[in-house]
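Text of the file query25.cif, holding mmCIF, C-alpha atoms:
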```
data_final
loop_
_atom_site.label_atom_id
_atom_site.label_comp_id
_atom_site.auth_asym_id
_atom_site.auth_seq_id
_atom_site.Cartn_x
_atom_site.Cartn_y
_atom_site.Cartn_z
CA MET A 485 -22.99 -2.49 -14.31
CA SER A 486 -20.24 -2.10 -11.71
CA LYS A 487 -16.97 -0.54 -12.78
CA ARG A 488 -13.91 -2.65 -13.34
CA ASP A 489 -10.86 -2.19 -11.15
CA TYR A 490 -8.69 0.60 -12.59
CA TYR A 491 -5.53 -1.53 -12.36
CA GLU A 492 -7.32 -4.33 -14.20
CA VAL A 493 -8.46 -1.88 -16.90
CA LEU A 494 -4.84 -0.87 -17.60
CA GLY A 495 -3.49 -4.39 -17.11
CA VAL A 496 -0.97 -3.42 -14.42
CA GLY A 497 -0.34 -4.51 -10.83
CA ARG A 498 -1.28 -2.42 -7.80
CA ASP A 499 2.42 -1.73 -7.20
CA ALA A 500 2.99 -0.44 -10.75
CA SER A 501 5.10 2.70 -11.07
CA GLU A 502 3.81 5.86 -12.73
CA ARG A 503 5.98 5.07 -15.73
CA GLU A 504 4.43 1.59 -16.07
CA ILE A 505 0.91 3.04 -15.78
CA LYS A 506 1.69 5.64 -18.43
CA LYS A 507 3.15 3.05 -20.78
CA ALA A 508 0.08 0.82 -20.43
CA TYR A 509 -2.22 3.81 -21.02
CA LYS A 510 -0.44 4.83 -24.22
CA ARG A 511 -0.64 1.32 -25.61
CA LEU A 512 -4.36 0.94 -24.88
CA ALA A 513 -5.22 4.49 -25.92
CA MET A 514 -3.69 3.90 -29.35
CA LYS A 515 -5.53 0.58 -29.63
CA PHE A 516 -9.00 1.90 -28.77
CA HIS A 517 -8.85 5.51 -30.00
CA PRO A 518 -12.02 6.47 -31.94
CA ASP A 519 -9.97 7.85 -34.85
CA ARG A 520 -8.56 4.36 -35.33
CA ASN A 521 -11.92 2.63 -34.76
CA PRO A 522 -14.56 4.79 -36.49
CA GLY A 523 -18.10 3.77 -35.60
CA ASP A 524 -16.93 1.08 -33.14
CA LYS A 525 -18.97 1.73 -29.96
CA ALA A 526 -17.17 -1.01 -28.00
CA ALA A 527 -13.78 0.53 -28.75
CA GLU A 528 -15.12 3.97 -27.83
CA ALA A 529 -16.36 2.66 -24.46
CA SER A 530 -13.01 0.94 -23.83
CA PHE A 531 -11.16 4.15 -24.66
CA LYS A 532 -13.25 6.11 -22.16
CA GLU A 533 -12.66 3.45 -19.51
CA VAL A 534 -8.88 3.50 -20.09
CA LYS A 535 -8.81 7.30 -19.94
CA GLU A 536 -10.61 7.44 -16.60
CA ALA A 537 -8.34 4.78 -15.08
CA TYR A 538 -5.26 6.68 -16.23
CA GLU A 539 -6.48 10.01 -14.86
CA ILE A 540 -7.16 8.52 -11.43
CA LEU A 541 -3.97 6.45 -11.11
CA THR A 542 -1.63 9.25 -12.20
CA ASP A 543 -3.09 11.75 -9.75
CA ALA A 544 -1.34 11.08 -6.42
CA ASN A 545 -4.24 12.20 -4.22
CA LYS A 546 -6.93 10.40 -6.23
CA LYS A 547 -4.80 7.27 -6.44
CA ALA A 548 -4.32 7.23 -2.67
CA ALA A 549 -8.08 7.60 -2.15
CA TYR A 550 -8.81 4.86 -4.69
CA ASP A 551 -6.25 2.47 -3.16
CA GLN A 552 -7.90 2.89 0.24
CA PHE A 553 -11.61 3.17 -0.59
CA GLY A 554 -11.96 1.88 -4.15
CA HIS A 555 -14.39 3.60 -6.53
CA ALA A 556 -16.22 5.13 -3.58
CA GLY A 557 -13.11 7.17 -2.75
CA VAL A 558 -13.01 9.06 -6.06
CA ASP A 559 -15.58 11.15 -7.88
CA PRO A 560 -15.83 9.91 -11.46
CA ASN A 561 -18.23 12.66 -12.60
CA ARG A 562 -15.87 15.06 -14.26
CA GLY A 563 -17.13 17.61 -16.75
CA GLY A 564 -20.48 17.30 -18.51
CA GLY A 565 -19.99 13.94 -20.17
CA GLY A 566 -20.21 11.62 -17.15
CA GLY A 567 -17.56 9.43 -15.61
CA TYR A 568 -15.44 9.05 -18.71
CA GLY A 569 -15.94 12.38 -20.45
CA GLY A 570 -18.29 13.00 -23.36
CA ALA A 571 -17.67 12.23 -26.99
CA GLY A 572 -16.71 15.85 -27.58
CA ASP A 573 -13.53 15.25 -25.55
CA PHE A 574 -11.86 13.14 -28.22
CA GLY A 575 -10.07 16.04 -29.89
CA ASP A 576 -8.33 17.02 -26.65
CA ILE A 577 -7.76 13.37 -25.78
CA PHE A 578 -6.04 12.85 -29.10
CA GLY A 579 -3.65 15.66 -28.33
CA ASP A 580 -2.99 14.31 -24.83
CA VAL A 581 -2.39 10.72 -25.89
CA PHE A 582 -0.68 10.91 -29.26
CA GLY A 583 0.95 14.26 -28.61
CA ASP A 584 2.50 12.82 -25.45
CA ILE A 585 3.65 9.74 -27.32
CA PHE A 586 5.33 11.77 -30.06
CA GLY A 587 6.76 14.47 -27.83
CA GLY A 588 4.05 16.96 -26.82
CA GLY A 589 0.43 18.00 -27.37
CA ARG A 590 -1.05 19.59 -30.48
CA ARG A 591 -1.88 22.76 -28.66
CA GLY A 592 -0.02 25.92 -29.55
CA GLY A 593 2.61 27.62 -27.44
CA GLN A 594 6.01 26.51 -26.29
CA ARG A 595 6.62 23.19 -24.64
CA GLN A 596 6.69 23.32 -20.86
CA ALA A 597 9.36 21.48 -18.91
CA ALA A 598 8.08 18.32 -17.28
CA ARG A 599 7.40 18.12 -13.56
CA GLY A 600 9.75 15.82 -11.68
CA SER A 601 8.86 12.18 -11.10
CA ASP A 602 7.36 11.00 -7.83
CA LEU A 603 9.50 8.65 -5.74
CA ARG A 604 8.58 5.83 -3.37
CA TYR A 605 10.60 4.78 -0.33
CA ASN A 606 9.75 1.46 1.36
CA LEU A 607 10.11 1.90 5.13
CA GLU A 608 10.07 -1.15 7.40
CA LEU A 609 9.21 -0.59 11.07
CA SER A 610 8.98 -2.74 14.17
CA LEU A 611 5.58 -2.98 15.86
CA GLU A 612 6.86 -0.84 18.74
CA GLU A 613 8.02 1.88 16.34
CA ALA A 614 4.73 1.84 14.44
CA VAL A 615 2.63 2.03 17.61
CA LYS A 616 4.60 4.76 19.37
CA GLY A 617 5.76 6.80 16.35
CA LEU A 618 9.24 8.17 15.79
CA THR A 619 11.42 10.35 13.59
CA LYS A 620 13.43 8.50 10.92
CA GLU A 621 16.43 9.66 8.92
CA LEU A 622 16.01 8.52 5.32
CA ARG A 623 18.68 8.55 2.62
CA ILE A 624 17.01 9.08 -0.74
CA PRO A 625 18.85 8.68 -4.09
CA THR A 626 17.28 11.14 -6.52
CA LEU A 627 17.80 13.64 -9.31
CA ALA A 628 18.30 17.12 -7.86
CA SER A 629 18.44 20.50 -9.57
CA CYS A 630 22.00 21.34 -10.59
CA ASP A 631 23.42 23.88 -8.16
CA VAL A 632 25.87 25.29 -10.74
CA CYS A 633 23.36 26.29 -13.44
CA ASP A 634 20.30 26.44 -11.14
CA GLY A 635 18.62 23.76 -13.22
CA SER A 636 18.79 25.61 -16.54
CA GLY A 637 21.32 23.24 -18.10
CA ALA A 638 23.22 26.17 -19.59
CA LYS A 639 26.71 27.30 -18.66
CA LYS A 640 26.86 30.02 -16.02
CA GLY A 641 26.28 33.41 -17.67
CA THR A 642 24.54 31.92 -20.70
CA SER A 643 21.03 30.78 -21.41
CA ALA A 644 19.19 28.41 -23.70
CA THR A 645 17.76 29.72 -26.96
CA THR A 646 14.47 28.83 -28.61
CA CYS A 647 14.80 26.10 -31.22
CA THR A 648 14.35 27.56 -34.70
CA THR A 649 13.14 24.27 -36.16
CA CYS A 650 10.09 23.77 -33.93
CA HIS A 651 9.88 27.36 -32.62
CA GLY A 652 9.95 26.14 -29.03
CA GLN A 653 7.14 23.60 -29.31
CA GLY A 654 9.46 20.59 -29.04
CA GLN A 655 7.72 18.79 -31.89
CA VAL A 656 7.24 18.92 -35.64
CA GLN A 657 4.35 17.67 -37.78
CA MET A 658 4.84 15.00 -40.41
CA ARG A 659 2.21 14.02 -42.99
CA GLN A 660 1.69 10.30 -43.55
CA GLY A 661 -1.11 9.75 -46.04
CA PHE A 662 -4.34 11.06 -44.54
CA PHE A 663 -2.78 11.52 -41.12
CA THR A 664 -0.65 14.26 -39.69
CA VAL A 665 1.45 12.96 -36.82
CA GLN A 666 3.66 14.83 -34.43
CA GLN A 667 7.19 13.76 -33.70
CA PRO A 668 9.92 15.04 -31.38
CA CYS A 669 11.89 17.81 -33.01
CA PRO A 670 15.11 16.29 -34.42
CA THR A 671 17.05 19.46 -33.65
CA CYS A 672 16.25 19.98 -29.96
CA HIS A 673 15.09 16.38 -29.27
CA GLY A 674 11.73 17.55 -27.93
CA ARG A 675 13.05 20.14 -25.47
CA GLY A 676 12.00 23.21 -27.43
CA LYS A 677 15.30 24.92 -26.61
CA ILE A 678 18.91 24.67 -27.69
CA ILE A 679 21.75 24.83 -25.17
CA LYS A 680 24.85 25.92 -27.07
CA ASP A 681 27.09 26.06 -23.98
CA PRO A 682 25.98 23.29 -21.60
CA CYS A 683 26.77 23.34 -17.89
CA SER A 684 29.97 21.42 -17.14
CA LYS A 685 28.46 19.69 -14.10
CA CYS A 686 25.09 18.43 -15.41
CA HIS A 687 26.12 18.43 -19.12
CA GLY A 688 23.01 20.34 -20.12
CA ASP A 689 20.47 18.16 -18.35
CA GLY A 690 19.77 20.64 -15.54
CA ARG A 691 19.76 17.80 -12.98
CA VAL A 692 22.39 15.73 -11.21
CA GLU A 693 22.27 12.47 -9.27
CA LYS A 694 22.31 13.09 -5.56
CA THR A 695 21.58 11.28 -2.30
CA LYS A 696 19.77 13.48 0.18
CA THR A 697 18.96 12.85 3.82
CA LEU A 698 15.47 13.65 5.06
CA SER A 699 14.17 13.68 8.62
CA VAL A 700 10.68 12.17 8.45
CA LYS A 701 8.23 12.14 11.35
CA ILE A 702 6.30 8.87 11.48
CA PRO A 703 3.02 9.39 13.36
CA ALA A 704 2.02 6.97 16.12
CA GLY A 705 -0.36 4.22 15.03
CA VAL A 706 0.72 3.70 11.41
CA ASP A 707 0.24 0.23 9.96
CA THR A 708 1.28 -1.79 6.94
CA GLY A 709 -0.08 -0.16 3.78
CA ASP A 710 -0.11 3.39 5.16
CA ARG A 711 1.65 5.96 3.00
CA ILE A 712 3.16 9.29 3.97
CA ARG A 713 3.42 11.98 1.28
CA LEU A 714 6.27 14.48 1.36
CA ALA A 715 5.40 17.20 -1.15
CA GLY A 716 8.25 18.42 -3.34
CA GLU A 717 10.75 15.81 -2.13
CA GLY A 718 10.73 13.73 -5.32
CA GLU A 719 12.94 14.16 -8.37
CA ALA A 720 13.64 17.66 -9.61
CA GLY A 721 11.72 18.72 -12.71
CA GLU A 722 13.31 19.43 -16.06
CA PHE A 723 15.01 22.81 -16.41
CA GLY A 724 13.61 24.33 -13.23
CA ALA A 725 10.15 22.73 -13.38
CA PRO A 726 8.55 21.79 -10.01
CA PRO A 727 9.81 18.63 -8.33
CA GLY A 728 7.72 15.52 -7.77
CA ASP A 729 6.65 14.13 -4.41
CA LEU A 730 8.12 11.43 -2.19
CA TYR A 731 5.83 8.70 -0.86
CA VAL A 732 7.01 6.75 2.17
CA GLN A 733 5.35 3.31 2.07
CA VAL A 734 5.10 1.71 5.52
CA THR A 735 5.49 -2.00 6.27
CA VAL A 736 5.36 -3.30 9.85
CA ARG A 737 7.39 -6.42 10.67
CA GLU A 738 5.79 -9.43 12.37
CA HIS A 739 6.15 -9.39 16.16
CA ALA A 740 7.36 -12.30 18.29
CA ILE A 741 4.46 -11.95 20.77
CA PHE A 742 1.70 -9.73 19.41
CA VAL A 743 -0.51 -9.91 16.35
CA ARG A 744 -2.12 -6.65 15.28
CA ASP A 745 -5.62 -6.35 13.88
CA GLY A 746 -6.50 -2.70 13.28
CA ASN A 747 -6.15 -1.00 16.65
CA ASN A 748 -6.33 -4.22 18.69
CA LEU A 749 -3.47 -6.48 19.70
CA TYR A 750 -3.69 -10.24 20.31
CA CYS A 751 -1.38 -12.59 22.19
CA GLU A 752 -1.41 -16.10 23.65
CA VAL A 753 -0.46 -16.55 27.32
CA PRO A 754 0.46 -20.03 28.60
CA ILE A 755 -0.85 -21.01 32.04
CA SER A 756 -0.33 -24.13 34.14
CA PHE A 757 -2.97 -26.75 34.79
CA SER A 758 -3.08 -25.89 38.48
CA LYS A 759 -3.38 -22.15 37.78
CA ALA A 760 -6.27 -22.78 35.39
CA ALA A 761 -8.03 -25.03 37.92
CA LEU A 762 -7.43 -23.04 41.10
CA GLY A 763 -7.21 -19.52 39.69
CA GLY A 764 -4.72 -16.83 40.59
CA GLU A 765 -2.80 -13.96 39.01
CA ILE A 766 -0.36 -14.05 36.11
CA GLU A 767 1.80 -11.42 34.44
CA VAL A 768 1.08 -10.63 30.81
CA PRO A 769 3.16 -8.46 28.48
CA THR A 770 1.95 -5.21 26.92
CA LEU A 771 3.80 -2.68 24.78
CA ASP A 772 4.07 -0.51 27.90
CA GLY A 773 5.40 -3.24 30.20
CA LYS A 774 3.95 -6.10 32.25
CA VAL A 775 0.52 -6.02 33.91
CA SER A 776 -1.26 -8.44 36.25
CA LEU A 777 -4.18 -10.47 34.97
CA LYS A 778 -6.56 -12.24 37.36
CA ILE A 779 -7.41 -15.77 36.27
CA PRO A 780 -10.69 -17.10 37.76
CA ALA A 781 -10.80 -20.65 39.08
CA GLU A 782 -11.83 -23.34 36.57
CA THR A 783 -10.68 -21.27 33.56
CA GLN A 784 -10.74 -23.32 30.37
CA THR A 785 -7.98 -23.19 27.78
CA GLY A 786 -8.74 -20.79 24.92
CA ARG A 787 -10.60 -18.27 27.08
CA MET A 788 -10.06 -14.69 25.95
CA PHE A 789 -9.39 -11.81 28.34
CA ARG A 790 -9.64 -8.19 27.24
CA LEU A 791 -7.33 -5.49 28.60
CA ARG A 792 -8.95 -2.23 27.58
CA GLY A 793 -6.80 0.60 26.28
CA LYS A 794 -3.69 -1.59 25.98
CA GLY A 795 -3.81 -1.78 22.20
CA VAL A 796 -2.86 0.79 19.54
CA LYS A 797 -3.88 4.43 19.31
CA SER A 798 -5.46 5.09 15.94
CA VAL A 799 -3.42 7.24 13.58
CA ARG A 800 -6.67 8.83 12.34
CA SER A 801 -8.41 9.50 15.68
CA HIS A 802 -7.92 9.46 19.44
CA ALA A 803 -9.44 5.97 19.77
CA VAL A 804 -7.24 3.36 21.46
CA GLY A 805 -7.65 -0.36 20.86
CA ASP A 806 -7.50 -3.23 23.36
CA LEU A 807 -5.16 -6.11 24.11
CA LEU A 808 -6.87 -9.50 23.90
CA CYS A 809 -5.07 -12.30 25.74
CA LYS A 810 -5.94 -15.89 24.96
CA VAL A 811 -4.94 -18.23 27.79
CA VAL A 812 -3.60 -21.61 26.69
CA MET A 813 -3.22 -24.34 29.29
CA GLU A 814 0.18 -25.94 29.01
CA THR A 815 0.59 -29.66 29.63
CA PRO A 816 3.53 -30.26 32.02
CA VAL A 817 6.52 -32.08 30.52
CA ASN A 818 9.64 -33.81 31.89
CA LEU A 819 7.81 -35.08 34.97
CA ASN A 820 9.72 -37.10 37.56
CA GLU A 821 8.29 -40.28 39.08
CA ARG A 822 6.88 -38.55 42.15
CA GLN A 823 5.03 -36.01 40.01
CA LYS A 824 3.63 -38.77 37.81
CA GLU A 825 2.49 -40.68 40.91
CA LEU A 826 0.69 -37.62 42.24
CA LEU A 827 -1.11 -37.15 38.94
CA ARG A 828 -2.21 -40.80 38.95
CA GLU A 829 -3.54 -40.40 42.47
CA PHE A 830 -5.36 -37.26 41.41
CA GLU A 831 -6.83 -38.99 38.38
CA ALA A 832 -8.05 -41.82 40.60
CA THR A 833 -9.98 -39.39 42.78
CA LEU A 834 -11.98 -38.34 39.72
CA THR A 835 -13.15 -41.87 38.92
CA GLY A 836 -16.91 -42.05 38.78
CA GLU A 837 -17.29 -38.29 38.97
CA SER A 838 -16.30 -37.32 35.43
CA LYS A 839 -19.63 -35.58 34.76
CA LYS A 840 -19.08 -33.39 37.80
CA HIS A 841 -15.48 -32.46 37.03
CA SER A 842 -15.43 -32.62 33.21
CA PRO A 843 -18.91 -31.71 31.95
CA LYS A 844 -17.74 -30.95 28.41
CA ALA A 845 -15.91 -34.26 28.05
CA GLU A 846 -18.85 -36.20 29.49
CA GLY A 847 -21.25 -34.50 27.12
CA PHE A 848 -18.95 -35.15 24.17
CA PHE A 849 -18.64 -38.88 24.86
CA ASP A 850 -22.38 -39.19 25.47
CA GLY A 851 -22.89 -37.65 22.05
CA VAL A 852 -20.42 -40.04 20.44
CA LYS A 853 -22.17 -43.03 22.06
CA LYS A 854 -25.57 -41.87 20.81
CA PHE A 855 -24.14 -41.31 17.32
CA PHE A 856 -22.99 -44.90 16.96
CA GLN A 857 -26.23 -46.23 18.44
CA ASP A 858 -28.23 -44.33 15.82
CA LEU A 859 -25.83 -45.49 13.13
CA ASN A 860 -26.31 -49.15 13.97
CA SER A 861 -30.09 -48.99 14.52
#
```
As C-alpha cells, the full file:
Amino acid sequence: MSKRDYYEVLGVGRDASEREIKKAYKRLAMKFHPDRNPGDKAAEASFKEVKEAYEILTDANKKAAYDQFGHAGVDPNRGGGGGYGGAGDFGDIFGDVFGDIFGGGRRGGQRQAARGSDLRYNLELSLEEAVKGLTKELRIPTLASCDVCDGSGAKKGTSATTCTTCHGQGQVQMRQGFFTVQQPCPTCHGRGKIIKDPCSKCHGDGRVEKTKTLSVKIPAGVDTGDRIRLAGEGEAGEFGAPPGDLYVQVTVREHAIFVRDGNNLYCEVPISFSKAALGGEIEVPTLDGKVSLKIPAETQTGRMFRLRGKGVKSVRSHAVGDLLCKVVMETPVNLNERQKELLREFEATLTGESKKHSPKAEGFFDGVKKFFQDLNS
C-alpha cells in the first residue's frame, strides 16, 4: 500500500508553520497513543504514521527533500523497526509526545533551553532578477539574543539559579488515578531555573524584538517554489540556546512578454500577412536584448521557432534552456479604401486556385462536404 501524504496524515496544509504542525501532531498523538488504545492495532498503526510524518516535517532538510521529491526524497527506514519505528519505541515516544505537551520529557537531567524557531521570508522577484541573480537586502523582524544579559535573562553580574521545586527539570509529576502525568513546574513555569534579578531590557526573557538587515545572494536561475536556507538567521533560542534558521521562499512575478517553463522561455511574436507570405526578418525580444529571426516564405500562423541558449541557466547545473517563439499572423485593421480595394483585387486573383494557394482550407472544406454527404446518405 502506498504511503499517504505527510501533510494529509497530520491534517495540515503544505504552507503550515512548524507550530501548526506540532499542534496537529500533539492532538493526533494523544488520540492514537497505544497507552490510550490498548490492543487497538488500527490506532497503533495510525500513531506510527503520525509520528513519521511529524519527524519528517519538523526536520528542515528532510521537509525540503519531501516537498520537492515526495516520499522518494526521504528515507523512512529509521532504526530497526521499519518506517515508523518498532513497537518497542512507545516508551520513548510517550516521553516525547506527552512530556512535550506538559512541559518536557520524562528523561532525567535538567531541562535544556529550546532552540530558536525557524523563520520564513517570502521574496518576490521579477523574471529578469530570477534569471540573472542578484543580491537582496532583507529586513527581518525577529527575536534576537539580548545584548545586555547575553541571552541569560538575568541582570548583569547575576545568574539564574536552579529551581528547588523541580530541581531544574522544568516539570513535576502529578498522580491522577492509575496515571502519572507531568506538568510544567508552577514555580519556574517550565524553565527549570529561577531568575531573581531579571535583566531590565528583556525582563528575564533573554530575547528582545529586533529588525535585522541581511544581505542575501540570490543565485541565477531560481524559480517559484525554490527556497534558500540561511542557517542560524532565525529567532534566537531561549537563554543562549542555538538560533533557528531563516528560509527565503522565492516567488517569480508573471512577465508581460515571456512565460517560463523550467529552463525554457516562451513568447508570441506578431507578424504581418505579407511577412508571413513573402518571408523576411523580424526582431524578437530576449532577456539579453533583441535578436533577428528569419521567417521563411509561406510561414503559417502558430509556427514555433527555437532560439537555442536564449532561455534560463539552470540553478542546479550549467544547462541553459531555449527561447521558443510562436509567430502569430496579425490581421490588418483600420484599412483605408485603397487598401481594401487592393485586398479585393488580390482575393480575385485567387479565384479558382484555392487548392493551390490554400491547401489546408481546401482540404478542410472537402472534408466538411463529405461529412454531410455521408450524413444524408
- request: Kindly give the distance, in Å, that separates CA of Tyr731 in chain A and CA of Asp602 in chain A, rounded to a single decimal.
  value: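 Value for the CA of Tyr731 in chain A-CA of Asp602 in chain A distance: 7.5 Å.
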- line: CA of Ser629 in chain A sits from CA of Lys694 in chain A at a separation of 9.3 Å
message: the PyMOL selection byres ((chain A and resi 749) around 8) - which residues does that actually catch in the file I just gave you? List them as a count of residues only.
response: 15
I'd like a table as CSV: residues in range 721-776 of chain A with an atom no more than 12 Å from range 537-555 of chain A, each row giving the shortest atom pair and its distance in Å to one decimal, all atoms listed in the file counted, sorted by chain and rising residue number.
```
residue,atom,partner,partner_atom,distance
A:Gly728,CA,A:Ala544,CA,10.2
A:Asp729,CA,A:Ala544,CA,8.8
A:Leu730,CA,A:Ala544,CA,10.4
A:Tyr731,CA,A:Ala544,CA,9.4
A:Gln733,CA,A:Ala548,CA,11.5
```
Those residues with C-alpha atoms, as an mmCIF file, keeping the file's coordinate frame please?
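For reference, out00.cif as written:
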```cif
data_model
loop_
_atom_site.group_PDB
_atom_site.id
_atom_site.type_symbol
_atom_site.label_atom_id
_atom_site.label_comp_id
_atom_site.auth_asym_id
_atom_site.auth_seq_id
_atom_site.Cartn_x
_atom_site.Cartn_y
_atom_site.Cartn_z
ATOM 1 C CA GLY A 728 7.720 15.520 -7.770
ATOM 2 C CA ASP A 729 6.650 14.130 -4.410
ATOM 3 C CA LEU A 730 8.120 11.430 -2.190
ATOM 4 C CA TYR A 731 5.830 8.700 -0.860
ATOM 5 C CA GLN A 733 5.350 3.310 2.070
#
```
task: For each of A:Val812, A:Cys686, A:Cys650, A:Ala725, take the minimum atom-to-atom distance to Cys672 in chain A, counting all atoms listed in the file, then give the residue where this is smallest.
output: A:Cys650
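Residue neighbourhood of range 797-803 of chain A, excluding near-sequence residues (fewer than 4 positions): Val615, Pro703, Ala704, Gly705, Val706 and Asn747 of chain A, at 8 Å, using only C-alpha atoms.
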- request: Find the spatial neighbours of Asp634 in chain A, counting all atoms listed in the file, within a cut-off of 8 Å - ignore same-chain residues fewer than 4 positions away - and output them as a count of residues only.
  value: 4
- prompt: Exactly which residues make up the result of the PyMOL selection byres ((chain A and resi 756) around 12) on this file, given as a ChimeraX atom specification?
  reply: /A:753-755,757-766,779,782-785,811-817
message: Evaluate the PyMOL selection byres ((chain A and resi 624) around 9) against this structure - the residues, as a PyMOL selection string, please.
response: chain A and resi 605+622-623+625-626+694-698
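Of the residues listed (A:Val775, A:Asp681, A:Val558, A:Gly746), A:Asp681 shows the shortest atom-to-atom separation from Gly641 in chain A; distances use all atoms listed in the file.
For the pair CA of Ser501 in chain A and CA of Ala720 in chain A, the interatomic distance is 17.3 Å.
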task: Kindly indicate which residue among A:Cys633, A:Ile678, A:Leu609, A:Leu777 lies nearest to Gly709 in chain A, using only C-alpha atoms for the distances.
output: A:Leu609
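Around the coordinate (8.1, 18.0, -10.4), residues that reach within 10 Å when counting only C-alpha atoms are Ala597, Ala598, Arg599, Gly600, Ser601, Asp602, Ala715, Gly716, Glu717, Gly718, Glu719, Ala720, Gly721, Glu722, Gly724, Ala725, Pro726, Pro727, Gly728 and Asp729 of chain A.
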message: Using all atoms listed in the file for the distances, tell me which of A:Asp519, A:Glu528, A:Asp710, A:Glu536 is nearest to Leu494 in chain A.
response: A:Glu536
Specify the axis-aligned box that encloses all atoms of range 742-745 of chain A listed in the file after padding of 8 Å on each side, stating its centre and edge lengths in Å to one decimal as lines of an AutoDock Vina configuration file.
```
center_x = -2.0
center_y = -8.1
center_z = 16.6
size_x = 23.3
size_y = 19.6
size_z = 21.5
```
Assuming the input is short of atoms at range 489-495 of chain A, produce all heavy atoms for that part as a compact mmCIF listing (two decimals), in the coordinates of the input.
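Output file part-v4.txt follows:
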```txt
# COMPACT_ATOMS: atom_id res chain seq x y z
N ASP A 489 -12.01 -2.73 -11.88
CA ASP A 489 -10.86 -2.19 -11.15
C ASP A 489 -9.95 -1.44 -12.10
O ASP A 489 -9.65 -1.92 -13.20
CB ASP A 489 -10.10 -3.34 -10.48
CG ASP A 489 -8.88 -2.86 -9.73
OD1 ASP A 489 -9.05 -2.31 -8.64
OD2 ASP A 489 -7.77 -3.04 -10.26
N TYR A 490 -9.51 -0.23 -11.70
CA TYR A 490 -8.69 0.60 -12.59
C TYR A 490 -7.38 -0.10 -12.97
O TYR A 490 -6.90 0.03 -14.10
CB TYR A 490 -8.38 1.94 -11.91
CG TYR A 490 -9.56 2.88 -11.86
CD1 TYR A 490 -9.77 3.69 -10.74
CD2 TYR A 490 -10.46 2.98 -12.91
CE1 TYR A 490 -10.85 4.56 -10.68
CE2 TYR A 490 -11.53 3.85 -12.87
CZ TYR A 490 -11.72 4.64 -11.75
OH TYR A 490 -12.78 5.50 -11.70
N TYR A 491 -6.78 -0.82 -12.04
CA TYR A 491 -5.53 -1.53 -12.36
C TYR A 491 -5.79 -2.64 -13.38
O TYR A 491 -4.97 -2.90 -14.26
CB TYR A 491 -4.93 -2.11 -11.08
CG TYR A 491 -4.44 -1.07 -10.10
CD1 TYR A 491 -5.23 -0.66 -9.04
CD2 TYR A 491 -3.18 -0.48 -10.25
CE1 TYR A 491 -4.80 0.31 -8.13
CE2 TYR A 491 -2.74 0.49 -9.35
CZ TYR A 491 -3.56 0.88 -8.30
OH TYR A 491 -3.11 1.83 -7.43
N GLU A 492 -6.94 -3.29 -13.24
CA GLU A 492 -7.32 -4.33 -14.20
C GLU A 492 -7.55 -3.72 -15.58
O GLU A 492 -7.18 -4.32 -16.60
CB GLU A 492 -8.58 -5.03 -13.70
CG GLU A 492 -9.08 -6.13 -14.64
CD GLU A 492 -10.41 -6.71 -14.18
OE1 GLU A 492 -10.73 -6.59 -12.98
OE2 GLU A 492 -11.14 -7.27 -15.01
N VAL A 493 -8.18 -2.55 -15.62
CA VAL A 493 -8.46 -1.88 -16.90
C VAL A 493 -7.16 -1.64 -17.66
O VAL A 493 -7.08 -1.87 -18.88
CB VAL A 493 -9.18 -0.54 -16.66
CG1 VAL A 493 -9.23 0.28 -17.94
CG2 VAL A 493 -10.60 -0.79 -16.15
N LEU A 494 -6.11 -1.17 -16.95
CA LEU A 494 -4.84 -0.87 -17.60
C LEU A 494 -3.92 -2.09 -17.70
O LEU A 494 -2.86 -2.03 -18.34
CB LEU A 494 -4.12 0.25 -16.84
CG LEU A 494 -4.82 1.61 -16.85
CD1 LEU A 494 -4.02 2.62 -16.05
CD2 LEU A 494 -5.02 2.12 -18.27
N GLY A 495 -4.30 -3.17 -17.03
CA GLY A 495 -3.49 -4.39 -17.11
C GLY A 495 -2.17 -4.28 -16.36
O GLY A 495 -1.15 -4.84 -16.79
```
